[in-house]
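Undergrad: So I've got this file, structure-v5.cif, and it contains mmCIF, C-alpha atoms and all ligand atoms:
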```cif
data_data
#
loop_
_atom_site.label_atom_id
_atom_site.label_comp_id
_atom_site.auth_asym_id
_atom_site.auth_seq_id
_atom_site.Cartn_x
_atom_site.Cartn_y
_atom_site.Cartn_z
CA MET A 742 -46.52 -108.24 -4.76
CA THR A 743 -42.89 -107.25 -5.26
CA PRO A 744 -41.92 -104.67 -2.67
CA PRO A 745 -40.59 -101.41 -4.09
CA VAL A 746 -36.83 -100.99 -3.94
CA VAL A 747 -35.42 -97.50 -4.06
CA SER A 748 -31.82 -96.43 -4.48
CA VAL A 749 -31.09 -93.39 -2.41
CA GLU A 750 -28.20 -91.17 -1.53
CA ASP A 751 -28.52 -89.70 1.88
CA PRO A 752 -27.81 -85.99 1.26
CA ASP A 753 -26.26 -85.46 4.67
CA THR A 754 -24.09 -88.51 4.99
CA HIS A 755 -23.52 -89.19 1.29
CA LEU A 756 -24.07 -92.86 1.97
CA TYR A 757 -25.54 -94.59 -1.01
CA GLY A 758 -27.71 -97.57 -0.61
CA THR A 759 -30.81 -99.45 -1.39
CA ARG A 760 -33.77 -98.83 0.80
CA CYS A 761 -35.81 -101.98 0.57
CA PHE A 762 -39.51 -102.56 1.13
CA MET A 763 -40.37 -98.85 1.48
CA THR A 764 -43.45 -98.56 3.61
CA GLN A 765 -46.28 -96.09 3.74
CA ALA A 766 -46.31 -94.36 7.10
CA ASN A 767 -48.65 -96.06 9.54
CA ALA A 768 -50.17 -94.72 12.71
CA ALA A 769 -47.10 -95.50 14.78
CA THR A 770 -44.53 -93.98 12.46
CA PRO A 771 -43.38 -90.60 13.71
CA THR A 772 -39.87 -91.89 14.30
CA ASN A 773 -36.45 -91.40 12.85
CA VAL A 774 -35.01 -94.29 14.80
CA MET A 775 -32.17 -96.27 13.31
CA LEU A 776 -30.81 -99.35 14.98
CA SER A 777 -27.90 -101.67 14.40
CA ALA A 778 -26.00 -104.30 16.35
CA ILE A 779 -23.09 -106.71 16.22
CA GLN A 780 -22.78 -110.21 17.67
CA PRO A 781 -19.82 -110.43 20.05
CA THR A 782 -19.10 -113.99 18.98
CA SER A 783 -15.42 -113.09 18.88
CA GLN A 784 -13.30 -109.96 18.52
CA LEU A 785 -14.63 -107.55 15.90
CA THR A 786 -13.12 -107.53 12.44
CA LEU A 787 -12.15 -105.03 9.78
CA GLY A 788 -15.40 -106.14 8.08
CA ASN A 789 -17.47 -105.02 11.07
CA TYR A 790 -15.62 -101.70 11.11
CA LEU A 791 -15.82 -100.84 7.41
CA GLY A 792 -19.20 -102.47 6.77
CA ALA A 793 -20.98 -101.18 9.85
CA ILE A 794 -19.32 -99.06 12.56
CA GLN A 795 -17.69 -96.54 10.22
CA ASN A 796 -21.12 -95.75 8.76
CA TRP A 797 -22.81 -95.56 12.14
CA VAL A 798 -20.58 -92.62 13.05
CA GLN A 799 -22.06 -90.61 10.17
CA LEU A 800 -25.63 -91.82 10.58
CA GLN A 801 -25.86 -90.65 14.19
CA ASP A 802 -25.92 -87.04 12.95
CA LYS A 803 -29.23 -87.62 11.26
CA TYR A 804 -30.99 -90.37 13.16
CA ASN A 805 -31.89 -91.23 16.71
CA CYS A 806 -29.58 -94.24 16.88
CA TYR A 807 -29.52 -97.35 19.04
CA PHE A 808 -26.30 -99.37 18.75
CA PHE A 809 -25.83 -102.50 20.83
CA ALA A 810 -23.98 -105.76 21.26
CA VAL A 811 -26.27 -108.76 20.83
CA ASP A 812 -24.87 -111.18 23.39
CA GLN A 813 -28.14 -113.16 23.46
CA HIS A 814 -27.82 -113.82 19.74
CA ALA A 815 -24.19 -114.84 20.26
CA ILE A 816 -25.13 -117.79 22.50
CA THR A 817 -27.14 -119.44 19.70
CA VAL A 818 -23.76 -121.08 19.07
CA ARG A 819 -21.56 -122.23 21.98
CA GLN A 820 -19.41 -119.51 23.53
CA ASN A 821 -16.69 -119.48 26.12
CA PRO A 822 -18.33 -117.41 28.93
CA GLU A 823 -15.26 -115.31 29.81
CA ALA A 824 -14.45 -114.72 26.14
CA LEU A 825 -18.06 -113.64 25.50
CA ARG A 826 -17.93 -111.17 28.40
CA GLN A 827 -14.65 -109.69 27.13
CA ALA A 828 -15.81 -109.55 23.52
CA THR A 829 -19.07 -107.82 24.55
CA LEU A 830 -17.27 -105.10 26.45
CA THR A 831 -14.59 -104.71 23.78
CA ALA A 832 -17.29 -104.35 21.10
CA LEU A 833 -18.90 -101.48 23.00
CA ALA A 834 -15.48 -99.90 23.63
CA THR A 835 -14.82 -100.14 19.88
CA TYR A 836 -18.05 -98.32 19.03
CA VAL A 837 -17.02 -95.44 21.31
CA ALA A 838 -13.39 -95.46 20.13
CA ALA A 839 -14.56 -95.32 16.52
CA GLY A 840 -16.54 -92.15 17.18
CA VAL A 841 -20.03 -93.28 18.17
CA ASP A 842 -21.06 -90.59 20.61
CA PRO A 843 -22.82 -91.89 23.74
CA GLN A 844 -24.37 -88.45 24.27
CA ARG A 845 -26.23 -88.65 20.98
CA SER A 846 -26.63 -92.38 20.42
CA THR A 847 -27.86 -95.04 22.82
CA LEU A 848 -25.23 -97.73 23.43
CA PHE A 849 -26.06 -100.85 25.36
CA VAL A 850 -25.80 -104.60 25.80
CA GLN A 851 -28.84 -106.59 24.63
CA SER A 852 -29.08 -108.74 27.79
CA HIS A 853 -29.26 -105.59 29.95
CA VAL A 854 -32.67 -104.86 28.46
CA PRO A 855 -34.94 -107.82 29.39
CA GLU A 856 -37.73 -106.46 27.18
CA HIS A 857 -35.93 -108.01 24.15
CA THR A 858 -36.58 -111.57 25.30
CA GLN A 859 -40.01 -110.65 26.67
CA LEU A 860 -41.16 -109.37 23.29
CA CYS A 861 -39.38 -112.25 21.59
CA TRP A 862 -41.60 -114.74 23.45
CA ILE A 863 -44.77 -112.97 22.32
CA LEU A 864 -43.56 -112.79 18.72
CA ASN A 865 -42.65 -116.49 18.89
CA CYS A 866 -46.31 -117.20 19.52
CA TYR A 867 -47.22 -115.41 16.28
CA SER A 868 -44.41 -116.87 14.14
CA TYR A 869 -44.88 -119.91 11.96
CA MET A 870 -42.53 -122.90 11.85
CA GLY A 871 -42.70 -122.82 8.05
CA GLU A 872 -41.47 -119.26 7.71
CA LEU A 873 -38.63 -119.77 10.21
CA ASN A 874 -37.64 -122.93 8.39
CA ARG A 875 -37.10 -120.92 5.22
CA MET A 876 -34.43 -118.66 6.75
CA THR A 877 -31.19 -119.28 4.90
CA GLN A 878 -28.98 -118.31 7.84
CA TYR A 879 -30.72 -121.01 9.91
CA LYS A 880 -30.15 -123.56 7.17
CA ASP A 881 -26.44 -122.62 6.94
CA LYS A 882 -25.74 -122.49 10.66
CA SER A 883 -27.81 -125.56 11.60
CA ALA A 884 -25.93 -127.58 8.98
CA LYS A 885 -22.78 -126.94 11.03
CA SER A 886 -24.42 -127.88 14.37
CA GLY A 887 -24.51 -131.65 13.99
CA GLU A 888 -27.50 -133.56 15.35
CA ASN A 889 -28.35 -131.32 18.27
CA ILE A 890 -29.45 -128.06 16.70
CA PRO A 891 -30.14 -125.43 19.39
CA ALA A 892 -33.74 -124.17 19.25
CA GLY A 893 -32.31 -120.66 19.67
CA LEU A 894 -30.74 -120.92 16.25
CA PHE A 895 -34.22 -121.55 14.83
CA THR A 896 -35.84 -118.63 16.64
CA TYR A 897 -32.88 -116.26 16.19
CA PRO A 898 -34.78 -114.15 13.61
CA VAL A 899 -37.67 -113.70 16.05
CA LEU A 900 -35.30 -112.23 18.64
CA MET A 901 -33.95 -109.98 15.90
CA ALA A 902 -37.53 -108.90 15.12
CA ALA A 903 -38.00 -108.05 18.79
CA ASP A 904 -34.74 -106.04 18.77
CA ILE A 905 -36.05 -103.95 15.90
CA LEU A 906 -39.72 -103.56 16.83
CA LEU A 907 -39.06 -102.60 20.46
CA TYR A 908 -37.53 -99.29 19.39
CA ASP A 909 -40.01 -98.40 16.60
CA ALA A 910 -37.04 -98.46 14.24
CA LYS A 911 -37.77 -97.03 10.84
CA LEU A 912 -34.47 -97.87 9.22
CA VAL A 913 -32.29 -100.91 9.80
CA PRO A 914 -28.94 -100.93 8.00
CA VAL A 915 -27.96 -104.54 7.34
CA GLY A 916 -25.77 -106.63 5.10
CA GLN A 917 -27.43 -108.46 2.18
CA ASP A 918 -27.44 -111.66 4.29
CA GLN A 919 -29.77 -110.12 6.90
CA LYS A 920 -32.36 -108.80 4.45
CA GLN A 921 -34.50 -111.93 4.82
CA HIS A 922 -34.65 -111.41 8.60
CA VAL A 923 -35.87 -107.83 8.18
CA GLU A 924 -38.50 -109.11 5.77
CA LEU A 925 -39.68 -111.56 8.46
CA THR A 926 -39.74 -108.70 10.99
CA ARG A 927 -41.98 -106.73 8.65
CA ASN A 928 -44.30 -109.72 8.18
CA LEU A 929 -44.59 -110.25 11.93
CA ALA A 930 -45.23 -106.56 12.58
CA GLN A 931 -47.86 -106.46 9.85
CA ARG A 932 -49.49 -109.65 11.18
CA LEU A 933 -49.89 -108.20 14.67
CA ASN A 934 -50.95 -104.80 13.30
CA ASN A 935 -53.68 -106.53 11.27
CA LEU A 936 -54.90 -108.27 14.40
CA TYR A 937 -54.61 -105.44 16.91
CA GLY A 938 -54.42 -102.17 15.02
CA ASP A 939 -51.92 -100.13 13.05
CA HIS A 940 -50.72 -98.29 16.10
CA LEU A 941 -48.87 -101.32 17.44
CA PHE A 942 -45.65 -101.57 15.45
CA VAL A 943 -43.70 -99.35 13.08
CA ILE A 944 -42.93 -101.32 9.93
CA PRO A 945 -39.16 -101.07 9.43
CA ASP A 946 -37.35 -100.62 6.13
CA CYS A 947 -33.98 -102.19 5.63
CA TYR A 948 -31.13 -100.20 4.22
CA ILE A 949 -28.34 -101.88 2.35
CA GLY A 950 -25.45 -99.51 1.92
CA SER A 951 -23.74 -99.92 -1.44
CA LYS A 952 -20.72 -97.84 -0.47
CA ALA A 953 -20.22 -99.83 2.71
CA ALA A 954 -17.47 -102.24 1.82
CA LYS A 955 -18.05 -105.95 1.88
CA VAL A 956 -14.68 -107.00 3.17
CA MET A 957 -13.62 -110.42 1.98
CA ASP A 958 -11.53 -113.08 3.72
CA LEU A 959 -7.81 -112.46 3.09
CA GLN A 960 -7.17 -116.17 2.49
CA GLN A 961 -10.40 -117.01 0.65
CA PRO A 962 -11.32 -113.75 -1.05
CA THR A 963 -14.57 -115.10 -2.48
CA ARG A 964 -15.92 -115.46 1.09
CA LYS A 965 -16.95 -112.68 3.45
CA MET A 966 -14.45 -111.89 6.20
CA SER A 967 -15.99 -113.45 9.28
CA LYS A 968 -15.24 -113.45 13.01
CA SER A 969 -15.66 -117.19 13.27
CA ALA A 970 -13.69 -118.26 10.18
CA GLU A 971 -11.56 -121.34 10.89
CA ASN A 972 -8.36 -119.87 9.46
CA THR A 973 -7.67 -116.67 11.40
CA MET A 974 -5.05 -115.61 8.83
CA GLY A 975 -7.99 -114.63 6.60
CA THR A 976 -9.62 -112.42 9.24
CA LEU A 977 -8.20 -109.11 10.30
CA PHE A 978 -9.26 -108.49 13.89
CA LEU A 979 -9.40 -104.84 14.91
CA MET A 980 -7.21 -105.51 17.94
CA ASP A 981 -4.53 -107.49 16.06
CA ASP A 982 -1.02 -106.16 16.74
CA GLU A 983 1.00 -104.38 14.05
CA LYS A 984 3.17 -107.39 13.25
CA THR A 985 0.14 -109.62 12.78
CA ILE A 986 -1.64 -107.06 10.61
CA LEU A 987 1.37 -106.69 8.34
CA LYS A 988 1.79 -110.47 8.17
CA LYS A 989 -1.86 -111.08 7.32
CA PHE A 990 -1.75 -108.55 4.48
CA LYS A 991 1.60 -109.78 3.14
CA LYS A 992 0.20 -113.32 3.03
CA ALA A 993 -3.15 -112.24 1.53
CA VAL A 994 -4.12 -114.52 -1.35
CA THR A 995 -4.07 -112.81 -4.73
CA ASP A 996 -3.51 -114.62 -8.07
CA SER A 997 -0.72 -115.66 -10.42
CA ASP A 998 -1.01 -112.52 -12.57
CA THR A 999 0.98 -109.34 -11.85
CA VAL A 1000 -1.20 -106.47 -13.09
CA ILE A 1001 -3.20 -104.55 -10.51
CA GLU A 1002 -6.80 -104.32 -11.73
CA TRP A 1003 -10.17 -103.93 -10.00
CA ASP A 1004 -12.01 -107.03 -11.16
CA LYS A 1005 -13.91 -108.97 -8.50
CA GLU A 1006 -14.58 -111.93 -10.77
CA ARG A 1007 -11.08 -112.52 -12.11
CA LYS A 1008 -9.03 -111.01 -9.28
CA PRO A 1009 -11.06 -111.21 -6.05
CA GLY A 1010 -8.00 -111.00 -3.78
CA VAL A 1011 -6.60 -107.89 -5.47
CA ALA A 1012 -10.07 -106.30 -5.68
CA ASN A 1013 -10.51 -106.87 -1.94
CA LEU A 1014 -7.30 -104.99 -1.12
CA ILE A 1015 -8.31 -102.14 -3.44
CA GLU A 1016 -11.76 -101.93 -1.84
CA ILE A 1017 -10.31 -101.91 1.68
CA GLN A 1018 -8.13 -98.95 0.69
CA SER A 1019 -11.10 -97.31 -1.00
CA ALA A 1020 -13.38 -97.68 2.04
CA ILE A 1021 -10.78 -96.14 4.34
CA THR A 1022 -9.45 -93.35 2.14
CA HIS A 1023 -12.76 -92.59 0.33
CA THR A 1024 -10.83 -92.75 -2.95
CA SER A 1025 -12.52 -94.51 -5.86
CA PRO A 1026 -11.20 -97.98 -6.80
CA GLU A 1027 -10.43 -96.63 -10.31
CA GLU A 1028 -8.19 -93.92 -8.87
CA ILE A 1029 -6.42 -96.42 -6.64
CA VAL A 1030 -5.76 -98.69 -9.63
CA HIS A 1031 -4.41 -95.68 -11.54
CA ASN A 1032 -2.01 -94.90 -8.66
CA TYR A 1033 -0.64 -98.45 -8.87
CA THR A 1034 0.22 -98.38 -12.55
CA GLY A 1035 3.51 -100.23 -13.01
CA LYS A 1036 3.63 -101.39 -9.38
CA MET A 1037 3.60 -104.96 -8.01
CA TYR A 1038 1.13 -106.85 -5.82
CA GLY A 1039 3.67 -106.58 -2.98
CA HIS A 1040 3.32 -102.78 -3.00
CA LEU A 1041 -0.46 -103.03 -2.86
CA LYS A 1042 -0.34 -105.46 0.08
CA VAL A 1043 2.12 -103.48 2.19
CA GLU A 1044 0.50 -100.12 1.48
CA THR A 1045 -2.95 -101.48 2.28
CA ALA A 1046 -1.55 -102.74 5.59
CA GLU A 1047 -0.11 -99.26 6.28
CA ILE A 1048 -3.40 -97.55 5.52
CA VAL A 1049 -5.28 -99.97 7.78
CA LEU A 1050 -2.69 -99.46 10.53
CA GLN A 1051 -3.07 -95.69 10.36
CA THR A 1052 -6.76 -96.12 11.12
CA LEU A 1053 -6.40 -98.86 13.69
CA ARG A 1054 -3.55 -97.43 15.79
CA PRO A 1055 -5.62 -94.60 17.36
CA LEU A 1056 -8.68 -96.85 17.54
CA GLN A 1057 -6.75 -99.55 19.43
CA GLN A 1058 -5.23 -97.00 21.78
CA LYS A 1059 -8.65 -95.65 22.69
CA VAL A 1060 -10.10 -99.16 23.12
CA HIS A 1061 -7.24 -100.11 25.48
CA GLN A 1062 -7.77 -96.91 27.43
CA LEU A 1063 -11.53 -97.51 27.79
CA MET A 1064 -11.00 -101.14 28.77
CA GLU A 1065 -8.43 -100.19 31.40
CA GLU A 1066 -10.51 -97.43 32.95
CA ARG A 1067 -13.76 -99.42 32.72
CA THR A 1068 -15.74 -96.98 34.90
CA GLU A 1069 -16.42 -94.64 31.96
CA LEU A 1070 -17.49 -97.52 29.76
CA GLU A 1071 -19.65 -99.04 32.46
CA LYS A 1072 -21.31 -95.67 33.03
CA ILE A 1073 -22.06 -95.40 29.31
CA LEU A 1074 -23.56 -98.89 29.28
CA ARG A 1075 -25.67 -98.37 32.38
CA HIS A 1076 -27.00 -95.08 31.05
CA GLY A 1077 -27.58 -96.64 27.60
CA ALA A 1078 -29.53 -99.55 29.06
CA GLU A 1079 -31.70 -97.18 31.10
CA LYS A 1080 -32.49 -95.08 28.04
CA ALA A 1081 -33.15 -98.17 25.94
CA ARG A 1082 -35.42 -99.65 28.62
CA GLU A 1083 -37.54 -96.51 28.72
CA HIS A 1084 -38.38 -96.88 25.05
CA ALA A 1085 -38.59 -100.67 25.15
CA ALA A 1086 -40.93 -100.70 28.15
CA THR A 1087 -43.39 -98.36 26.40
CA THR A 1088 -43.53 -100.64 23.35
CA LEU A 1089 -43.86 -103.76 25.47
CA LYS A 1090 -46.72 -102.24 27.47
CA ARG A 1091 -48.50 -101.45 24.17
CA VAL A 1092 -48.06 -105.07 23.10
CA HIS A 1093 -49.14 -106.50 26.46
CA ASP A 1094 -52.31 -104.41 26.31
CA ALA A 1095 -52.96 -105.48 22.72
CA VAL A 1096 -52.60 -109.22 23.23
CA GLY A 1097 -54.69 -109.19 26.41
CA PHE A 1098 -52.25 -109.44 29.29
CA TYR A 1099 -53.67 -108.14 32.57
CA THR A 1100 -51.40 -105.18 33.38
N1 LIG A 1201 -16.90 -108.89 6.05
C1 LIG A 1201 -17.79 -107.92 6.24
N2 LIG A 1201 -17.86 -106.91 5.37
C2 LIG A 1201 -18.76 -105.90 5.56
N3 LIG A 1201 -19.63 -105.85 6.59
C3 LIG A 1201 -19.58 -106.85 7.49
N4 LIG A 1201 -20.28 -107.07 8.61
C4 LIG A 1201 -19.85 -108.22 9.19
N5 LIG A 1201 -18.85 -108.76 8.44
C5 LIG A 1201 -18.67 -107.92 7.37
C6 LIG A 1201 -21.35 -106.19 9.11
O1 LIG A 1201 -21.21 -106.01 10.51
C7 LIG A 1201 -22.52 -105.94 11.11
C8 LIG A 1201 -22.64 -106.90 12.24
O2 LIG A 1201 -22.46 -108.21 11.79
P1 LIG A 1201 -22.30 -109.42 12.83
O3 LIG A 1201 -20.86 -109.53 13.17
O4 LIG A 1201 -23.23 -109.29 13.94
O5 LIG A 1201 -22.83 -110.66 12.01
P2 LIG A 1201 -22.26 -111.33 10.73
O6 LIG A 1201 -22.42 -110.45 9.55
O7 LIG A 1201 -22.94 -112.67 10.67
O8 LIG A 1201 -20.73 -111.47 11.06
P3 LIG A 1201 -19.81 -112.74 11.03
O9 LIG A 1201 -18.51 -112.29 11.60
O10 LIG A 1201 -19.78 -113.33 9.67
O11 LIG A 1201 -20.60 -113.73 11.95
P4 LIG A 1201 -20.13 -114.72 13.05
O12 LIG A 1201 -20.14 -113.95 14.31
O13 LIG A 1201 -21.20 -115.79 13.05
O14 LIG A 1201 -18.77 -115.22 12.67
C9 LIG A 1201 -23.54 -106.19 10.01
O15 LIG A 1201 -24.03 -104.92 9.57
C10 LIG A 1201 -22.72 -106.85 8.93
O16 LIG A 1201 -23.26 -106.62 7.64
#
```
How would this structure read if it were set down as structure tokens?

TA:
Amino acid sequence: MTPPVVSVEDPDTHLYGTRCFMTQANAATPTNVMLSAIQPTSQLTLGNYLGAIQNWVQLQDKYNCYFFAVDQHAITVRQNPEALRQATLTALATYVAAGVDPQRSTLFVQSHVPEHTQLCWILNCYSYMGELNRMTQYKDKSAKSGENIPAGLFTYPVLMAADILLYDAKLVPVGQDQKQHVELTRNLAQRLNNLYGDHLFVIPDCYIGSKAAKVMDLQQPTRKMSKSAENTMGTLFLMDDEKTILKKFKKAVTDSDTVIEWDKERKPGVANLIEIQSAITHTSPEEIVHNYTGKMYGHLKVETAEIVLQTLRPLQQKVHQLMEERTELEKILRHGAEKAREHAATTLKRVHDAVGFYT
């Protein structure tokens, strides 16, 4: 059966999106929990900011939010330990600097809450090799791993299912590429609910924001901007210095034409710059194009850099401040992990009882 797909505009946040696989409430559904996370595989990018963090700031007004850094997911590909530690802390500092409020939302590091891997093991025992084998992210990432493919890459979606189900999350905002993993989470939750009762897991819906920009690589504008892209000139890192930001925008790949139009098919590089401006200024792409009538690509590049800089300067300053002080950030993380563990432990206990562990 094709799951229903509903386009919604959240009246409070004015975020538009597609709410996929809408579920009937089940016995364990009295939640308004929303959860989202980022892999600290490297420094965060403008894509992470515009596609995720910027929206989180609005969503926390309406939902009980859990935002975390998934360091355990990050090690499914090799990481430099010190760089991973730094990137994890900087990611959390970025959430706070961007306006995520630790008083209202729960901020934490995945590995500080051992219930994630505990539930992951149980879910592993109910997951099928065939369904994990169909995950496109696994196919893509394993193709780059050579002969020795880490088993963690294969079971990555099961850990993601544990992340979601532990907190009874009702809504999971994800990019299009993660939709398949949320579908697997739903299947696993439903499988265990069928075996042990509807009270066990909340069945999550995924939410794909259509206003959330998909920021493209500045050098290869038909590809998503990614932390781990080989050519760093295509990726704008949030902590890049002013000179680097200006240079990356000035060297952004456009096309051999001169007219500024918003056409993703014919002019992906130009469209990307327009959409970056649009996501930051909340001006429609049409209006931005109108403002550039008679101007050159050079104007668009430099002005986009300026607009990005205006947003990033205060963000960077706050991140530096939090990273230098550390104690405030560490307090936030400790408190976040405690709060997260309270919820996670209750869910895990429910699951232990259901599957027959002696508790
Ligand atoms: N370019 C992007 N445009 C819009 N949204 C993006 N997100 C990431 N890149 C963009 C959103 O950020 C959230 C966390 O994503 P992630 O960094 O944990 O995973 P990813 O999407 O696989 O990011 P990368 O950088 O492509 O992966 P790696 O680390 O493997 O290099 C998600 O909500 C995502 O949609």

Undergrad: Counting all atoms listed in the file, which residues of chain A fall within 8 Å of ligand LIG 1201 (chain A), and what is the closest atom pair for each with its distance in Å at one decimal, ordered by chain and rising number, as CSV?

TA:
```
residue,atom,partner,partner_atom,distance
A:Ser777,CA,A:LIG1201,O15,7.0
A:Ala778,CA,A:LIG1201,C8,5.9
A:Ile779,CA,A:LIG1201,O4,3.4
A:Gln780,CA,A:LIG1201,O4,3.9
A:Pro781,CA,A:LIG1201,O12,6.7
A:Thr782,CA,A:LIG1201,O12,4.8
A:Ser783,CA,A:LIG1201,O12,6.6
A:Leu785,CA,A:LIG1201,O3,7.1
A:Thr786,CA,A:LIG1201,N5,7.1
A:Leu787,CA,A:LIG1201,N1,7.2
A:Gly788,CA,A:LIG1201,C1,3.5
A:Asn789,CA,A:LIG1201,O1,3.9
A:Tyr790,CA,A:LIG1201,O1,7.1
A:Leu791,CA,A:LIG1201,C2,6.1
A:Gly792,CA,A:LIG1201,N3,3.4
A:Ala793,CA,A:LIG1201,O15,4.8
A:Ile794,CA,A:LIG1201,O1,7.5
A:Val811,CA,A:LIG1201,O4,7.5
A:Ala815,CA,A:LIG1201,O12,7.3
A:Pro914,CA,A:LIG1201,O15,6.5
A:Val915,CA,A:LIG1201,O15,4.5
A:Gly916,CA,A:LIG1201,O16,3.6
A:Gln917,CA,A:LIG1201,O16,7.1
A:Asp918,CA,A:LIG1201,O16,7.4
A:Gln919,CA,A:LIG1201,O16,7.4
A:Ala953,CA,A:LIG1201,C2,6.9
A:Ala954,CA,A:LIG1201,C2,5.4
A:Lys955,CA,A:LIG1201,N2,3.6
A:Val956,CA,A:LIG1201,N2,3.9
A:Met957,CA,A:LIG1201,N1,5.4
A:Asp958,CA,A:LIG1201,N1,7.2
A:Lys965,CA,A:LIG1201,N1,4.6
A:Met966,CA,A:LIG1201,N1,3.9
A:Ser967,CA,A:LIG1201,O9,3.6
A:Lys968,CA,A:LIG1201,O9,3.7
A:Ser969,CA,A:LIG1201,O14,3.7
A:Ala970,CA,A:LIG1201,O14,6.4
```

Undergrad: For the atom pair atom CA of Cys866 of chain A and atom CA of Leu906 of chain A, what is the interatomic distance in Å to one decimal place?

TA: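 We find that atom CA of Cys866 of chain A and atom CA of Leu906 of chain A lie 15.4 Å from each other.
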
Undergrad: Separation of atom CA of Asp842 of chain A and atom CA of Gln795 of chain A, in Å?

TA: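 Separation of atom CA of Asp842 of chain A and atom CA of Gln795 of chain A: 12.4 Å.
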
Undergrad: Between A:Leu894, A:Val913, A:Met901, A:Leu1014, which one has atoms that come closest to Asn805 of chain A, using all atoms listed in the file?

TA: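 Going through A:Leu894, A:Val913, A:Met901, A:Leu1014 one by one, the smallest distance to Asn805 of chain A is for A:Val913.
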
Undergrad: Give as a ChimeraX atom specification each residue that has an atom at most 12 Å from (-27.7, -118.7, 7.0) in the file, counting only C-alpha atoms.

TA: /A:873-885,894-895,897-898,917-922

Undergrad: Rounded to one decimal in Å, what is the spacing between atom CA of Thr831 of chain A and atom CA of Gln784 of chain A?

TA: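 Straight-line distance from atom CA of Thr831 of chain A to atom CA of Gln784 of chain A works out to 7.5 Å.
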
Undergrad: Around all the atoms of segment 956-965 of chain A listed in the file, draw an axis-aligned box and extend it by 5 Å on each of the six sides; I want its centre and edge lengths in Å to one decimal, as AutoDock Vina command-line options.

TA:
```
--center_x -12.1 --center_y -112.0 --center_z 0.6 --size_x 19.8 --size_y 20.0 --size_z 16.2
```

Undergrad: Between A:Val854, A:Leu912, A:Val1000, A:Val1011, which residue has the minimum interatomic distance to Ala1085 of chain A, considering only C-alpha atoms?

TA: A:Val854

Undergrad: Name the residues within 7 Å of (-11.3, -97.1, 23.7), counting only C-alpha atoms in the file's coordinates, and put them as a VMD selection string.

TA: chain A and resid 834 to 835 837 to 838 1056 to 1064

Undergrad: Using all atoms listed in the file, which residues sit within 7 Å of Gly975 of chain A once same-chain residues fewer than 4 positions away are excluded, as a count of residues only?

TA: 4

Undergrad: Give the answer as one residue: which of A:Ile1048, A:Ala930, A:Cys861, A:Ala910 has the shortest atom-to-atom distance to Ala1020 of chain A, using only C-alpha atoms?

TA: A:Ile1048

Undergrad: Quick one: of A:Thr1045, A:Thr1034, A:Gln844, A:Arg1007, who's nearest to Ile1021 of chain A, counting only C-alpha atoms?

TA: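 Of A:Thr1045, A:Thr1034, A:Gln844, A:Arg1007, the one nearest Ile1021 of chain A, counting only C-alpha atoms, is A:Thr1045.
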
Undergrad: Which neighbours of Leu833 of chain A fall inside 9 Å, counting all atoms listed in the file, when residues of the same chain fewer than 5 positions from it are skipped, and could you give them as a list in words?

TA: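 So, after excluding close chain neighbours, the residues are Phe808, Phe809, Ala810, Ala828, Ala838, Leu848, Phe849, Val850, Leu1070 and Leu1074 of chain A.
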
Undergrad: Residues within 12 Å of Leu860 of chain A, please, as a CSV table (one decimal) with C-alpha atoms, keeping the file's coordinate frame. Count only C-alpha atoms; anything in the same chain fewer than 2 positions from it doesn't count.

TA:
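Just written: selection.csv:
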```csv
chain,number,residue,atom,x,y,z
A,854,VAL,CA,-32.7,-104.9,28.5
A,855,PRO,CA,-34.9,-107.8,29.4
A,856,GLU,CA,-37.7,-106.5,27.2
A,857,HIS,CA,-35.9,-108.0,24.2
A,858,THR,CA,-36.6,-111.6,25.3
A,862,TRP,CA,-41.6,-114.7,23.4
A,863,ILE,CA,-44.8,-113.0,22.3
A,864,LEU,CA,-43.6,-112.8,18.7
A,865,ASN,CA,-42.6,-116.5,18.9
A,866,CYS,CA,-46.3,-117.2,19.5
A,867,TYR,CA,-47.2,-115.4,16.3
A,899,VAL,CA,-37.7,-113.7,16.0
A,900,LEU,CA,-35.3,-112.2,18.6
A,901,MET,CA,-34.0,-110.0,15.9
A,902,ALA,CA,-37.5,-108.9,15.1
A,903,ALA,CA,-38.0,-108.0,18.8
A,904,ASP,CA,-34.7,-106.0,18.8
A,905,ILE,CA,-36.0,-104.0,15.9
A,906,LEU,CA,-39.7,-103.6,16.8
A,907,LEU,CA,-39.1,-102.6,20.5
A,908,TYR,CA,-37.5,-99.3,19.4
A,929,LEU,CA,-44.6,-110.2,11.9
A,930,ALA,CA,-45.2,-106.6,12.6
A,942,PHE,CA,-45.6,-101.6,15.4
A,1085,ALA,CA,-38.6,-100.7,25.2
A,1086,ALA,CA,-40.9,-100.7,28.2
A,1087,THR,CA,-43.4,-98.4,26.4
A,1088,THR,CA,-43.5,-100.6,23.4
A,1089,LEU,CA,-43.9,-103.8,25.5
A,1090,LYS,CA,-46.7,-102.2,27.5
A,1091,ARG,CA,-48.5,-101.4,24.2
A,1092,VAL,CA,-48.1,-105.1,23.1
A,1093,HIS,CA,-49.1,-106.5,26.5
A,1096,VAL,CA,-52.6,-109.2,23.2
```

Undergrad: Between A:Val943, A:Val841, A:Leu1041, A:Leu933, which has the minimum distance to Ile1029 of chain A (counting only C-alpha atoms)?

TA: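 Residue with the minimum atom-to-atom distance to Ile1029 of chain A: A:Leu1041.
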
Undergrad: Find the residue from A:Ala1078, A:Leu925, A:Val818, A:Leu941 that sits nearest to Ser852 of chain A; use all atoms listed in the file when measuring.

TA: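 Selected residue with least distance to Ser852 of chain A: A:Ala1078.
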